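Text of my_file.pdb (PDB, C-alpha atoms and all ligand atoms) as supplied:
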ATOM      1  CA  MET A   1      -9.609  62.735  86.472
ATOM      2  CA  LYS A   2      -9.354  60.402  83.445
ATOM      3  CA  HIS A   3      -7.014  57.566  84.153
ATOM      4  CA  SER A   4      -4.579  56.141  81.624
ATOM      5  CA  ASN A   5      -4.088  52.479  80.907
ATOM      6  CA  LYS A   6      -0.737  51.520  82.353
ATOM      7  CA  ALA A   7      -0.619  47.896  83.459
ATOM      8  CA  LEU A   8       2.165  46.007  85.236
ATOM      9  CA  VAL A   9       2.025  42.212  85.009
ATOM     10  CA  THR A  10       4.512  40.413  87.235
ATOM     11  CA  GLY A  11       5.985  37.157  85.955
ATOM     12  CA  SER A  12       5.078  37.936  82.345
ATOM     13  CA  THR A  13       7.982  36.238  80.540
ATOM     14  CA  ARG A  14       5.922  33.099  79.932
ATOM     15  CA  GLY A  15       2.801  31.126  80.823
ATOM     16  CA  ILE A  16      -0.206  32.831  82.365
ATOM     17  CA  GLY A  17       1.557  36.193  82.848
ATOM     18  CA  ALA A  18       2.601  36.359  79.185
ATOM     19  CA  SER A  19      -0.997  35.650  78.115
ATOM     20  CA  ILE A  20      -2.381  38.317  80.438
ATOM     21  CA  ALA A  21       0.183  40.821  79.123
ATOM     22  CA  LYS A  22      -0.592  39.903  75.486
ATOM     23  CA  ILE A  23      -4.361  40.264  75.936
ATOM     24  CA  LEU A  24      -4.062  43.579  77.786
ATOM     25  CA  ALA A  25      -1.717  44.915  75.067
ATOM     26  CA  GLN A  26      -4.176  43.784  72.364
ATOM     27  CA  ASN A  27      -6.850  45.751  74.176
ATOM     28  CA  GLY A  28      -5.033  49.060  74.269
ATOM     29  CA  TYR A  29      -3.199  48.865  77.597
ATOM     30  CA  ASP A  30       0.338  50.159  77.949
ATOM     31  CA  VAL A  31       1.802  46.982  79.321
ATOM     32  CA  ILE A  32       4.903  46.868  81.500
ATOM     33  CA  LEU A  33       6.420  43.405  81.703
ATOM     34  CA  HIS A  34       8.314  41.906  84.606
ATOM     35  CA  GLY A  35      10.442  38.825  85.228
ATOM     36  CA  ARG A  36      13.971  37.735  86.052
ATOM     37  CA  ASP A  37      15.103  36.700  82.582
ATOM     38  CA  GLU A  38      16.070  39.797  80.579
ATOM     39  CA  LYS A  39      16.405  37.940  77.270
ATOM     40  CA  LYS A  40      12.856  36.593  77.565
ATOM     41  CA  LEU A  41      11.590  40.011  78.630
ATOM     42  CA  ILE A  42      13.036  41.626  75.501
ATOM     43  CA  GLU A  43      11.580  38.867  73.292
ATOM     44  CA  THR A  44       8.139  39.130  74.914
ATOM     45  CA  LYS A  45       8.163  42.929  74.702
ATOM     46  CA  GLU A  46       8.795  42.728  70.935
ATOM     47  CA  LYS A  47       6.289  39.941  70.429
ATOM     48  CA  ILE A  48       3.308  41.500  72.197
ATOM     49  CA  GLY A  49       4.071  45.206  71.814
ATOM     50  CA  ALA A  50       4.554  45.983  75.510
ATOM     51  CA  ILE A  51       5.921  49.454  76.303
ATOM     52  CA  ASP A  52       8.617  48.449  78.779
ATOM     53  CA  TYR A  53       9.979  45.786  81.087
ATOM     54  CA  PHE A  54      11.577  45.587  84.517
ATOM     55  CA  CYS A  55      13.887  42.820  85.693
ATOM     56  CA  ALA A  56      13.665  41.788  89.354
ATOM     57  CA  ASP A  57      13.760  38.687  91.528
ATOM     58  CA  LEU A  58      10.844  39.371  93.851
ATOM     59  CA  THR A  59      12.253  37.124  96.585
ATOM     60  CA  CYS A  60      15.171  39.528  97.101
ATOM     61  CA  ARG A  61      15.054  42.062  99.892
ATOM     62  CA  GLY A  62      13.811  45.454  98.678
ATOM     63  CA  ALA A  63      13.025  44.159  95.156
ATOM     64  CA  CYS A  64       9.278  44.878  95.232
ATOM     65  CA  GLU A  65       9.815  48.411  96.497
ATOM     66  CA  ALA A  66      12.554  49.018  93.893
ATOM     67  CA  LEU A  67      10.289  47.714  91.113
ATOM     68  CA  ALA A  68       7.456  50.012  92.183
ATOM     69  CA  THR A  69       9.777  53.005  92.490
ATOM     70  CA  GLY A  70      11.186  52.261  89.031
ATOM     71  CA  VAL A  71       7.710  52.165  87.479
ATOM     72  CA  LEU A  72       6.397  55.230  89.324
ATOM     73  CA  ASP A  73       9.526  57.328  88.683
ATOM     74  CA  LYS A  74       9.291  56.603  84.968
ATOM     75  CA  TYR A  75       5.511  56.630  84.436
ATOM     76  CA  GLY A  76       4.104  58.666  87.353
ATOM     77  CA  SER A  77       1.278  56.261  88.146
ATOM     78  CA  LEU A  78      -0.065  52.775  87.543
ATOM     79  CA  ASP A  79      -3.654  51.833  86.715
ATOM     80  CA  VAL A  80      -3.540  48.037  86.711
ATOM     81  CA  LEU A  81      -1.407  45.762  88.880
ATOM     82  CA  VAL A  82      -1.519  42.040  88.144
ATOM     83  CA  ASN A  83       0.296  40.002  90.786
ATOM     84  CA  ASN A  84       0.994  36.866  88.770
ATOM     85  CA  ALA A  85       4.607  35.810  89.466
ATOM     86  CA  GLY A  86       4.593  32.674  91.553
ATOM     87  CA  ALA A  87       6.097  29.265  92.117
ATOM     88  CA  TYR A  88       4.759  25.801  92.960
ATOM     89  CA  VAL A  89       6.202  23.114  95.204
ATOM     90  CA  TRP A  90       4.806  19.591  95.497
ATOM     91  CA  ALA A  91       5.934  17.988  98.744
ATOM     92  CA  ASN A  92       4.246  16.449 101.739
ATOM     93  CA  VAL A  93       4.422  18.531 104.884
ATOM     94  CA  GLU A  94       7.267  16.679 106.613
ATOM     95  CA  LYS A  95       9.451  16.775 103.500
ATOM     96  CA  THR A  96       8.886  20.480 102.780
ATOM     97  CA  GLU A  97      12.266  22.191 102.835
ATOM     98  CA  ASP A  98      13.173  25.445 104.607
ATOM     99  CA  LYS A  99      14.379  27.034 101.375
ATOM    100  CA  ASP A 100      10.947  26.416  99.784
ATOM    101  CA  ILE A 101       9.076  27.811 102.792
ATOM    102  CA  GLU A 102      11.095  31.003 102.515
ATOM    103  CA  LYS A 103      10.812  31.263  98.739
ATOM    104  CA  LEU A 104       7.080  30.604  98.413
ATOM    105  CA  LEU A 105       6.104  32.873 101.291
ATOM    106  CA  LYS A 106       8.203  35.662  99.779
ATOM    107  CA  LEU A 107       7.150  35.210  96.151
ATOM    108  CA  ASN A 108       3.521  34.035  96.357
ATOM    109  CA  THR A 109       2.343  36.007  99.392
ATOM    110  CA  GLU A 110       4.702  38.754 100.515
ATOM    111  CA  ALA A 111       5.499  40.171  97.056
ATOM    112  CA  PRO A 112       1.833  40.826  96.132
ATOM    113  CA  PHE A 113       1.328  42.556  99.498
ATOM    114  CA  ARG A 114       4.476  44.667  99.115
ATOM    115  CA  LEU A 115       3.654  45.664  95.531
ATOM    116  CA  ILE A 116       0.094  46.599  96.453
ATOM    117  CA  ARG A 117       1.412  48.652  99.389
ATOM    118  CA  ALA A 118       3.781  50.500  97.066
ATOM    119  CA  PHE A 119       1.259  51.237  94.286
ATOM    120  CA  VAL A 120      -1.891  52.035  96.283
ATOM    121  CA  PRO A 121      -0.955  55.663  97.132
ATOM    122  CA  SER A 122      -0.725  56.617  93.439
ATOM    123  CA  MET A 123      -3.951  54.714  92.656
ATOM    124  CA  LYS A 124      -5.700  56.512  95.507
ATOM    125  CA  ALA A 125      -4.436  59.870  94.227
ATOM    126  CA  GLN A 126      -5.995  59.248  90.800
ATOM    127  CA  LYS A 127      -9.099  57.631  92.309
ATOM    128  CA  PHE A 128      -8.677  54.619  90.060
ATOM    129  CA  GLY A 129      -6.971  51.287  90.317
ATOM    130  CA  ARG A 130      -7.426  47.659  89.386
ATOM    131  CA  ILE A 131      -5.570  44.989  91.340
ATOM    132  CA  VAL A 132      -5.781  41.353  90.259
ATOM    133  CA  ASN A 133      -3.950  38.594  92.110
ATOM    134  CA  ILE A 134      -3.362  35.200  90.576
ATOM    135  CA  GLY A 135      -4.065  32.723  93.338
ATOM    136  CA  SER A 136      -4.754  29.046  92.786
ATOM    137  CA  ILE A 137      -7.489  26.515  93.178
ATOM    138  CA  SER A 138      -5.060  24.859  95.623
ATOM    139  CA  GLY A 139      -5.532  27.876  97.888
ATOM    140  CA  ALA A 140      -9.304  27.792  97.494
ATOM    141  CA  VAL A 141      -9.920  24.110  98.216
ATOM    142  CA  GLY A 142      -6.534  22.801  99.442
ATOM    143  CA  GLU A 143      -4.239  20.470  97.506
ATOM    144  CA  GLY A 144      -2.921  17.338  99.184
ATOM    145  CA  ASN A 145       0.893  17.241  99.239
ATOM    146  CA  ALA A 146       1.042  20.923  98.404
ATOM    147  CA  ALA A 147       0.229  22.424 101.809
ATOM    148  CA  LEU A 148       2.883  25.123 101.551
ATOM    149  CA  TYR A 149       1.700  26.242  98.097
ATOM    150  CA  SER A 150      -1.968  26.074  99.186
ATOM    151  CA  MET A 151      -1.189  28.185 102.272
ATOM    152  CA  THR A 152       0.662  30.877 100.316
ATOM    153  CA  LYS A 153      -2.168  31.123  97.783
ATOM    154  CA  SER A 154      -5.075  31.058 100.263
ATOM    155  CA  ALA A 155      -3.528  34.089 101.982
ATOM    156  CA  LEU A 156      -4.390  36.067  98.847
ATOM    157  CA  SER A 157      -8.075  35.446  99.495
ATOM    158  CA  GLY A 158      -7.979  37.280 102.845
ATOM    159  CA  LEU A 159      -5.823  40.018 101.376
ATOM    160  CA  THR A 160      -8.313  40.487  98.542
ATOM    161  CA  LYS A 161     -11.373  40.744 100.765
ATOM    162  CA  ALA A 162      -9.729  43.041 103.312
ATOM    163  CA  LEU A 163      -8.307  45.390 100.687
ATOM    164  CA  ALA A 164     -11.550  45.502  98.724
ATOM    165  CA  LEU A 165     -13.175  46.904 101.860
ATOM    166  CA  GLU A 166     -10.320  49.278 102.661
ATOM    167  CA  LEU A 167     -10.136  50.688  99.126
ATOM    168  CA  ALA A 168     -13.828  50.568  98.214
ATOM    169  CA  CYS A 169     -14.264  54.351  98.211
ATOM    170  CA  ASP A 170     -11.040  55.029  96.314
ATOM    171  CA  GLY A 171     -12.103  53.699  92.904
ATOM    172  CA  ILE A 172      -9.839  50.693  93.405
ATOM    173  CA  THR A 173     -11.036  47.126  92.965
ATOM    174  CA  VAL A 174      -9.176  44.064  94.210
ATOM    175  CA  ASN A 175      -9.878  40.540  93.008
ATOM    176  CA  THR A 176      -8.171  37.165  92.861
ATOM    177  CA  ILE A 177      -8.423  34.557  90.126
ATOM    178  CA  ASN A 178      -7.878  30.974  91.279
ATOM    179  CA  PRO A 179      -6.920  28.913  88.235
ATOM    180  CA  GLY A 180      -7.027  25.140  88.212
ATOM    181  CA  TRP A 181      -4.359  23.359  86.181
ATOM    182  CA  VAL A 182      -3.287  25.664  83.345
ATOM    183  CA  ASP A 183      -1.300  24.549  80.314
ATOM    184  CA  THR A 184       2.069  26.180  81.171
ATOM    185  CA  GLU A 185       5.691  25.248  81.925
ATOM    186  CA  LEU A 186       4.846  25.153  85.643
ATOM    187  CA  THR A 187       2.223  22.469  84.997
ATOM    188  CA  GLU A 188       4.498  20.556  82.623
ATOM    189  CA  THR A 189       7.290  20.491  85.215
ATOM    190  CA  ALA A 190       4.892  19.446  87.997
ATOM    191  CA  CYS A 191       3.353  16.664  85.897
ATOM    192  CA  ASN A 192       6.726  15.359  84.662
ATOM    193  CA  SER A 193       8.528  15.453  88.013
ATOM    194  CA  GLY A 194       7.624  11.829  88.722
ATOM    195  CA  ASP A 195       6.560  12.816  92.267
ATOM    196  CA  GLY A 196       2.951  13.854  91.838
ATOM    197  CA  PHE A 197       0.286  12.947  89.280
ATOM    198  CA  SER A 198       1.027  12.803  85.556
ATOM    199  CA  ALA A 199      -0.765  15.122  83.091
ATOM    200  CA  ASP A 200      -3.191  12.335  82.106
ATOM    201  CA  GLU A 201      -3.923  11.479  85.744
ATOM    202  CA  ASN A 202      -4.586  15.149  86.531
ATOM    203  CA  ILE A 203      -6.843  15.548  83.492
ATOM    204  CA  ASP A 204      -8.859  12.513  84.622
ATOM    205  CA  MET A 205      -9.627  14.353  87.889
ATOM    206  CA  ILE A 206     -10.855  17.546  86.157
ATOM    207  CA  PRO A 207     -14.608  17.586  85.387
ATOM    208  CA  GLN A 208     -14.054  19.191  81.943
ATOM    209  CA  ARG A 209     -11.153  16.740  81.287
ATOM    210  CA  ARG A 210      -8.783  19.481  80.146
ATOM    211  CA  PHE A 211      -6.285  22.040  81.339
ATOM    212  CA  ILE A 212      -7.260  25.723  81.280
ATOM    213  CA  HIS A 213      -5.636  27.675  78.428
ATOM    214  CA  PRO A 214      -3.553  30.659  79.683
ATOM    215  CA  ASP A 215      -5.636  32.988  77.471
ATOM    216  CA  GLU A 216      -8.733  32.078  79.505
ATOM    217  CA  VAL A 217      -7.043  33.673  82.518
ATOM    218  CA  GLY A 218      -5.942  36.641  80.376
ATOM    219  CA  ASN A 219      -9.496  37.236  79.175
ATOM    220  CA  LEU A 220     -10.873  37.176  82.710
ATOM    221  CA  VAL A 221      -8.221  39.693  83.772
ATOM    222  CA  LYS A 222      -9.225  41.880  80.815
ATOM    223  CA  TYR A 223     -12.788  41.944  82.149
ATOM    224  CA  LEU A 224     -11.820  42.498  85.785
ATOM    225  CA  VAL A 225      -9.706  45.549  84.942
ATOM    226  CA  SER A 226     -12.315  47.124  82.661
ATOM    227  CA  ASP A 227     -14.609  49.999  83.635
ATOM    228  CA  GLU A 228     -17.560  47.605  83.257
ATOM    229  CA  ALA A 229     -16.245  45.559  86.210
ATOM    230  CA  LYS A 230     -16.161  48.475  88.653
ATOM    231  CA  GLY A 231     -18.710  46.808  90.951
ATOM    232  CA  LEU A 232     -16.771  43.554  91.089
ATOM    233  CA  THR A 233     -14.420  43.681  94.045
ATOM    234  CA  GLY A 234     -13.270  41.459  96.891
ATOM    235  CA  GLN A 235     -14.001  38.319  94.892
ATOM    236  CA  ASN A 236     -12.022  35.119  94.621
ATOM    237  CA  ILE A 237     -12.993  33.603  91.301
ATOM    238  CA  ASN A 238     -12.296  29.946  90.570
ATOM    239  CA  LEU A 239     -11.349  29.395  86.906
ATOM    240  CA  CYS A 240     -10.718  25.699  87.044
ATOM    241  CA  ALA A 241     -12.717  23.666  84.507
ATOM    242  CA  GLY A 242     -14.919  22.471  87.352
ATOM    243  CA  LEU A 243     -12.129  21.203  89.630
ATOM    244  CA  SER A 244     -13.370  23.100  92.695
ATOM    245  CA  VAL A 245     -16.947  21.868  92.370
ATOM    246  CA  GLY A 246     -16.339  18.365  93.599
TER
HETATM  247  N1  LIG B   1       0.059  26.638  85.819
HETATM  248  C1  LIG B   1      -0.937  26.346  86.648
HETATM  249  O1  LIG B   1      -1.542  25.265  86.542
HETATM  250  C2  LIG B   1      -1.343  27.305  87.717
HETATM  251  C3  LIG B   1      -2.516  27.014  88.443
HETATM  252  C4  LIG B   1      -2.933  27.881  89.439
HETATM  253  C5  LIG B   1      -2.209  29.019  89.698
HETATM  254  N2  LIG B   1      -1.076  29.288  88.991
HETATM  255  C6  LIG B   1      -0.346  30.509  89.328
HETATM  256  O2  LIG B   1      -0.284  31.342  88.189
HETATM  257  C7  LIG B   1       0.933  32.099  88.213
HETATM  258  C8  LIG B   1       1.705  31.873  86.923
HETATM  259  O3  LIG B   1       1.903  30.488  86.747
HETATM  260  P1  LIG B   1       2.525  29.873  85.402
HETATM  261  O4  LIG B   1       1.996  28.507  85.302
HETATM  262  O5  LIG B   1       2.378  30.805  84.278
HETATM  263  O6  LIG B   1       4.063  29.770  85.873
HETATM  264  P2  LIG B   1       5.432  29.739  85.038
HETATM  265  O7  LIG B   1       5.184  29.261  83.663
HETATM  266  O8  LIG B   1       6.387  28.993  85.892
HETATM  267  O9  LIG B   1       5.840  31.282  85.019
HETATM  268  C9  LIG B   1       6.135  31.933  86.238
HETATM  269  C10 LIG B   1       6.459  33.393  85.992
HETATM  270  O10 LIG B   1       6.847  33.962  87.246
HETATM  271  C11 LIG B   1       8.168  34.501  87.142
HETATM  272  N3  LIG B   1       8.916  34.264  88.367
HETATM  273  C12 LIG B   1       9.201  33.061  88.944
HETATM  274  N4  LIG B   1       9.951  33.226  90.035
HETATM  275  C13 LIG B   1      10.174  34.562  90.167
HETATM  276  C14 LIG B   1      10.879  35.364  91.086
HETATM  277  N5  LIG B   1      11.551  34.825  92.122
HETATM  278  N6  LIG B   1      10.898  36.701  90.923
HETATM  279  C15 LIG B   1      10.257  37.243  89.887
HETATM  280  N7  LIG B   1       9.555  36.554  88.961
HETATM  281  C16 LIG B   1       9.512  35.219  89.101
HETATM  282  C17 LIG B   1       8.803  33.788  85.944
HETATM  283  O11 LIG B   1       9.702  34.639  85.258
HETATM  284  P3  LIG B   1      11.286  34.362  85.142
HETATM  285  O12 LIG B   1      11.529  32.894  85.308
HETATM  286  O13 LIG B   1      11.700  34.927  83.870
HETATM  287  O14 LIG B   1      11.740  35.117  86.312
HETATM  288  C18 LIG B   1       7.597  33.572  85.032
HETATM  289  O15 LIG B   1       7.366  34.705  84.227
HETATM  290  C19 LIG B   1       1.689  31.644  89.461
HETATM  291  O16 LIG B   1       1.414  32.523  90.523
HETATM  292  C20 LIG B   1       1.076  30.270  89.756
HETATM  293  O17 LIG B   1       1.177  29.918  91.097
HETATM  294  C21 LIG B   1      -0.629  28.465  88.003
END
When written as structure tokens, how does the structure in this file appear?
Ligand SMILES: NC(=O)c1ccc[n+]([C@@H]2O[C@H](COP(=O)([O-])OP(=O)(O)OC[C@H]3O[C@@H](n4cnc5c(N)ncnc54)[C@H](OP(=O)(O)O)[C@@H]3O)[C@@H](O)[C@H]2O)c1
Amino acid sequence: MKHSNKALVTGSTRGIGASIAKILAQNGYDVILHGRDEKKLIETKEKIGAIDYFCADLTCRGACEALATGVLDKYGSLDVLVNNAGAYVWANVEKTEDKDIEKLLKLNTEAPFRLIRAFVPSMKAQKFGRIVNIGSISGAVGEGNAALYSMTKSALSGLTKALALELACDGITVNTINPGWVDTELTETACNSGDGFSADENIDMIPQRRFIHPDEVGNLVKYLVSDEAKGLTGQNINLCAGLSVG
């Protein structure tokens, strides 16, 4: 059966998700946007030529399942799922607050699992699917004073490997991209918070002395979801300007 090109990108109102959505749309995908901010969703839909958007706070009970049902009821199936929505918290372990533990576990870890669980049956039925999770270099190598964030992102590595095995004979690939610092609002907020390192201090620690551009993540997603990448599954790919090398 020939599959279509419907792609859902979570957290695509700005930053990395918006770049992924833009690049997929430019390459012929029917892109479905997602976020919490309806005004930004409408603006982004117009700007990049996405076909639709869904509004949902993925930390709310039942939100992932409702999002998947909404997409499947309207479009019948999904070919590409990009689990990008996520949040960052910089805090040492003893100062990490309960509300952040709950939020990051729900958004960064549980939501990707729940969305994958909801979309896999339709991908299996069409014998095609591409799942890409946006992890973080913090999950791959550990980030001091960001143990909670690192934990929620490293969980995606196990999920990716296990699912790649489970879905290997169903035409479904599962991969995770671990970006280093990317030039987005999240990075700007983290660098300007006064708690952690400034942008210049972070850049000094990166071998290439630069932040990743969001389009670099978008272009890697474009490759991972293509037919050419059908043999690439279960991989956790560090896209970090050398940060993970040492
Ligand atoms: N920036 C970096 O340096 C960096 C590095 C490594 C990994 N990452 C990861 O890459 C992903 C995107 O990061 P970014 O820098 O582009 O972040 P960003 O600029 O803060 O954008 C985050 C996106 O996620 C959505 N989102 C946030 N909370 C949500 C919630 N509770 N429910 C639903 N959607 C929510 C936001 O949409 P609304 O606000 O409209 O809801 C927005 O579209 C995240 O998973 C992040 O952990 C980023």
Selection result of the PyMOL selection byres (((chain A and resi 4) around 12) and not hetatm) on this file, as a VMD selection string: chain A and resid 1 to 3 5 to 7 28 to 31 75 to 80 123 126 to 130 226 to 227
Residues returned when the PyMOL selection byres (((chain A and resi 23) around 10) and not hetatm) runs on this file, as a ChimeraX atom specification: /A:17-22,24-29,31,48,215-222
With the cut-off set at 8 Å and counting all atoms listed in the file, tabulate each residue of chain A with an atom at most that distance from an atom of ligand LIG 1 (chain B), showing the nearest atom pair and its distance in Å to one decimal, ordered by chain and increasing number, as JSON lines.
{"residue": "A:Thr10", "atom": "CA", "partner": "B:LIG1", "partner_atom": "N7", "distance": 6.6}
{"residue": "A:Gly11", "atom": "CA", "partner": "B:LIG1", "partner_atom": "O15", "distance": 3.3}
{"residue": "A:Ser12", "atom": "CA", "partner": "B:LIG1", "partner_atom": "O15", "distance": 4.4}
{"residue": "A:Thr13", "atom": "CA", "partner": "B:LIG1", "partner_atom": "O15", "distance": 4.0}
{"residue": "A:Arg14", "atom": "CA", "partner": "B:LIG1", "partner_atom": "O15", "distance": 4.8}
{"residue": "A:Gly15", "atom": "CA", "partner": "B:LIG1", "partner_atom": "O5", "distance": 3.5}
{"residue": "A:Ile16", "atom": "CA", "partner": "B:LIG1", "partner_atom": "O5", "distance": 3.8}
{"residue": "A:Gly17", "atom": "CA", "partner": "B:LIG1", "partner_atom": "O5", "distance": 5.6}
{"residue": "A:Ala18", "atom": "CA", "partner": "B:LIG1", "partner_atom": "O15", "distance": 7.1}
{"residue": "A:His34", "atom": "CA", "partner": "B:LIG1", "partner_atom": "N7", "distance": 7.0}
{"residue": "A:Gly35", "atom": "CA", "partner": "B:LIG1", "partner_atom": "O14", "distance": 4.1}
{"residue": "A:Arg36", "atom": "CA", "partner": "B:LIG1", "partner_atom": "O14", "distance": 3.4}
{"residue": "A:Asp37", "atom": "CA", "partner": "B:LIG1", "partner_atom": "O13", "distance": 4.0}
{"residue": "A:Glu38", "atom": "CA", "partner": "B:LIG1", "partner_atom": "O13", "distance": 7.3}
{"residue": "A:Lys40", "atom": "CA", "partner": "B:LIG1", "partner_atom": "O13", "distance": 6.6}
{"residue": "A:Leu41", "atom": "CA", "partner": "B:LIG1", "partner_atom": "O13", "distance": 7.3}
{"residue": "A:Cys55", "atom": "CA", "partner": "B:LIG1", "partner_atom": "C15", "distance": 7.9}
{"residue": "A:Ala56", "atom": "CA", "partner": "B:LIG1", "partner_atom": "C15", "distance": 5.7}
{"residue": "A:Asp57", "atom": "CA", "partner": "B:LIG1", "partner_atom": "N6", "distance": 3.5}
{"residue": "A:Leu58", "atom": "CA", "partner": "B:LIG1", "partner_atom": "N6", "distance": 4.0}
{"residue": "A:Thr59", "atom": "CA", "partner": "B:LIG1", "partner_atom": "N5", "distance": 5.1}
{"residue": "A:Cys60", "atom": "CA", "partner": "B:LIG1", "partner_atom": "N5", "distance": 7.7}
{"residue": "A:Asn83", "atom": "CA", "partner": "B:LIG1", "partner_atom": "O16", "distance": 7.6}
{"residue": "A:Asn84", "atom": "CA", "partner": "B:LIG1", "partner_atom": "O16", "distance": 4.7}
{"residue": "A:Ala85", "atom": "CA", "partner": "B:LIG1", "partner_atom": "O10", "distance": 3.7}
{"residue": "A:Gly86", "atom": "CA", "partner": "B:LIG1", "partner_atom": "O16", "distance": 3.3}
{"residue": "A:Ala87", "atom": "CA", "partner": "B:LIG1", "partner_atom": "O17", "distance": 5.1}
{"residue": "A:Tyr88", "atom": "CA", "partner": "B:LIG1", "partner_atom": "O17", "distance": 5.8}
{"residue": "A:Lys103", "atom": "CA", "partner": "B:LIG1", "partner_atom": "N5", "distance": 7.6}
{"residue": "A:Leu107", "atom": "CA", "partner": "B:LIG1", "partner_atom": "N5", "distance": 6.0}
{"residue": "A:Asn108", "atom": "CA", "partner": "B:LIG1", "partner_atom": "O16", "distance": 6.4}
{"residue": "A:Ile134", "atom": "CA", "partner": "B:LIG1", "partner_atom": "O16", "distance": 5.5}
{"residue": "A:Gly135", "atom": "CA", "partner": "B:LIG1", "partner_atom": "C5", "distance": 5.5}
{"residue": "A:Ser136", "atom": "CA", "partner": "B:LIG1", "partner_atom": "C4", "distance": 4.0}
{"residue": "A:Ile137", "atom": "CA", "partner": "B:LIG1", "partner_atom": "C4", "distance": 6.1}
{"residue": "A:Ser138", "atom": "CA", "partner": "B:LIG1", "partner_atom": "C4", "distance": 7.2}
{"residue": "A:Tyr149", "atom": "CA", "partner": "B:LIG1", "partner_atom": "O17", "distance": 7.9}
{"residue": "A:Lys153", "atom": "CA", "partner": "B:LIG1", "partner_atom": "O17", "distance": 7.6}
{"residue": "A:Asn178", "atom": "CA", "partner": "B:LIG1", "partner_atom": "C4", "distance": 6.1}
{"residue": "A:Pro179", "atom": "CA", "partner": "B:LIG1", "partner_atom": "C4", "distance": 4.3}
{"residue": "A:Gly180", "atom": "CA", "partner": "B:LIG1", "partner_atom": "C3", "distance": 4.9}
{"residue": "A:Trp181", "atom": "CA", "partner": "B:LIG1", "partner_atom": "O1", "distance": 3.4}
{"residue": "A:Val182", "atom": "CA", "partner": "B:LIG1", "partner_atom": "O1", "distance": 3.7}
{"residue": "A:Asp183", "atom": "CA", "partner": "B:LIG1", "partner_atom": "N1", "distance": 6.0}
{"residue": "A:Thr184", "atom": "CA", "partner": "B:LIG1", "partner_atom": "O4", "distance": 4.7}
{"residue": "A:Glu185", "atom": "CA", "partner": "B:LIG1", "partner_atom": "O7", "distance": 4.4}
{"residue": "A:Leu186", "atom": "CA", "partner": "B:LIG1", "partner_atom": "O8", "distance": 4.1}
{"residue": "A:Thr187", "atom": "CA", "partner": "B:LIG1", "partner_atom": "N1", "distance": 4.8}
{"residue": "A:Phe211", "atom": "CA", "partner": "B:LIG1", "partner_atom": "O1", "distance": 7.7}
{"residue": "A:Ile212", "atom": "CA", "partner": "B:LIG1", "partner_atom": "O1", "distance": 7.8}
{"residue": "A:Pro214", "atom": "CA", "partner": "B:LIG1", "partner_atom": "O5", "distance": 7.5}
Next, dump the selected residues to file, keeping only C-alpha atoms, as an mmCIF file, in the frame of the given file.
data_model
loop_
_atom_site.group_PDB
_atom_site.id
_atom_site.type_symbol
_atom_site.label_atom_id
_atom_site.label_comp_id
_atom_site.auth_asym_id
_atom_site.auth_seq_id
_atom_site.Cartn_x
_atom_site.Cartn_y
_atom_site.Cartn_z
ATOM 1 C CA THR A 10 4.512 40.413 87.235
ATOM 2 C CA GLY A 11 5.985 37.157 85.955
ATOM 3 C CA SER A 12 5.078 37.936 82.345
ATOM 4 C CA THR A 13 7.982 36.238 80.540
ATOM 5 C CA ARG A 14 5.922 33.099 79.932
ATOM 6 C CA GLY A 15 2.801 31.126 80.823
ATOM 7 C CA ILE A 16 -0.206 32.831 82.365
ATOM 8 C CA GLY A 17 1.557 36.193 82.848
ATOM 9 C CA ALA A 18 2.601 36.359 79.185
ATOM 10 C CA HIS A 34 8.314 41.906 84.606
ATOM 11 C CA GLY A 35 10.442 38.825 85.228
ATOM 12 C CA ARG A 36 13.971 37.735 86.052
ATOM 13 C CA ASP A 37 15.103 36.700 82.582
ATOM 14 C CA GLU A 38 16.070 39.797 80.579
ATOM 15 C CA LYS A 40 12.856 36.593 77.565
ATOM 16 C CA LEU A 41 11.590 40.011 78.630
ATOM 17 C CA CYS A 55 13.887 42.820 85.693
ATOM 18 C CA ALA A 56 13.665 41.788 89.354
ATOM 19 C CA ASP A 57 13.760 38.687 91.528
ATOM 20 C CA LEU A 58 10.844 39.371 93.851
ATOM 21 C CA THR A 59 12.253 37.124 96.585
ATOM 22 C CA CYS A 60 15.171 39.528 97.101
ATOM 23 C CA ASN A 83 0.296 40.002 90.786
ATOM 24 C CA ASN A 84 0.994 36.866 88.770
ATOM 25 C CA ALA A 85 4.607 35.810 89.466
ATOM 26 C CA GLY A 86 4.593 32.674 91.553
ATOM 27 C CA ALA A 87 6.097 29.265 92.117
ATOM 28 C CA TYR A 88 4.759 25.801 92.960
ATOM 29 C CA LYS A 103 10.812 31.263 98.739
ATOM 30 C CA LEU A 107 7.150 35.210 96.151
ATOM 31 C CA ASN A 108 3.521 34.035 96.357
ATOM 32 C CA ILE A 134 -3.362 35.200 90.576
ATOM 33 C CA GLY A 135 -4.065 32.723 93.338
ATOM 34 C CA SER A 136 -4.754 29.046 92.786
ATOM 35 C CA ILE A 137 -7.489 26.515 93.178
ATOM 36 C CA SER A 138 -5.060 24.859 95.623
ATOM 37 C CA TYR A 149 1.700 26.242 98.097
ATOM 38 C CA LYS A 153 -2.168 31.123 97.783
ATOM 39 C CA ASN A 178 -7.878 30.974 91.279
ATOM 40 C CA PRO A 179 -6.920 28.913 88.235
ATOM 41 C CA GLY A 180 -7.027 25.140 88.212
ATOM 42 C CA TRP A 181 -4.359 23.359 86.181
ATOM 43 C CA VAL A 182 -3.287 25.664 83.345
ATOM 44 C CA ASP A 183 -1.300 24.549 80.314
ATOM 45 C CA THR A 184 2.069 26.180 81.171
ATOM 46 C CA GLU A 185 5.691 25.248 81.925
ATOM 47 C CA LEU A 186 4.846 25.153 85.643
ATOM 48 C CA THR A 187 2.223 22.469 84.997
ATOM 49 C CA PHE A 211 -6.285 22.040 81.339
ATOM 50 C CA ILE A 212 -7.260 25.723 81.280
ATOM 51 C CA PRO A 214 -3.553 30.659 79.683
#
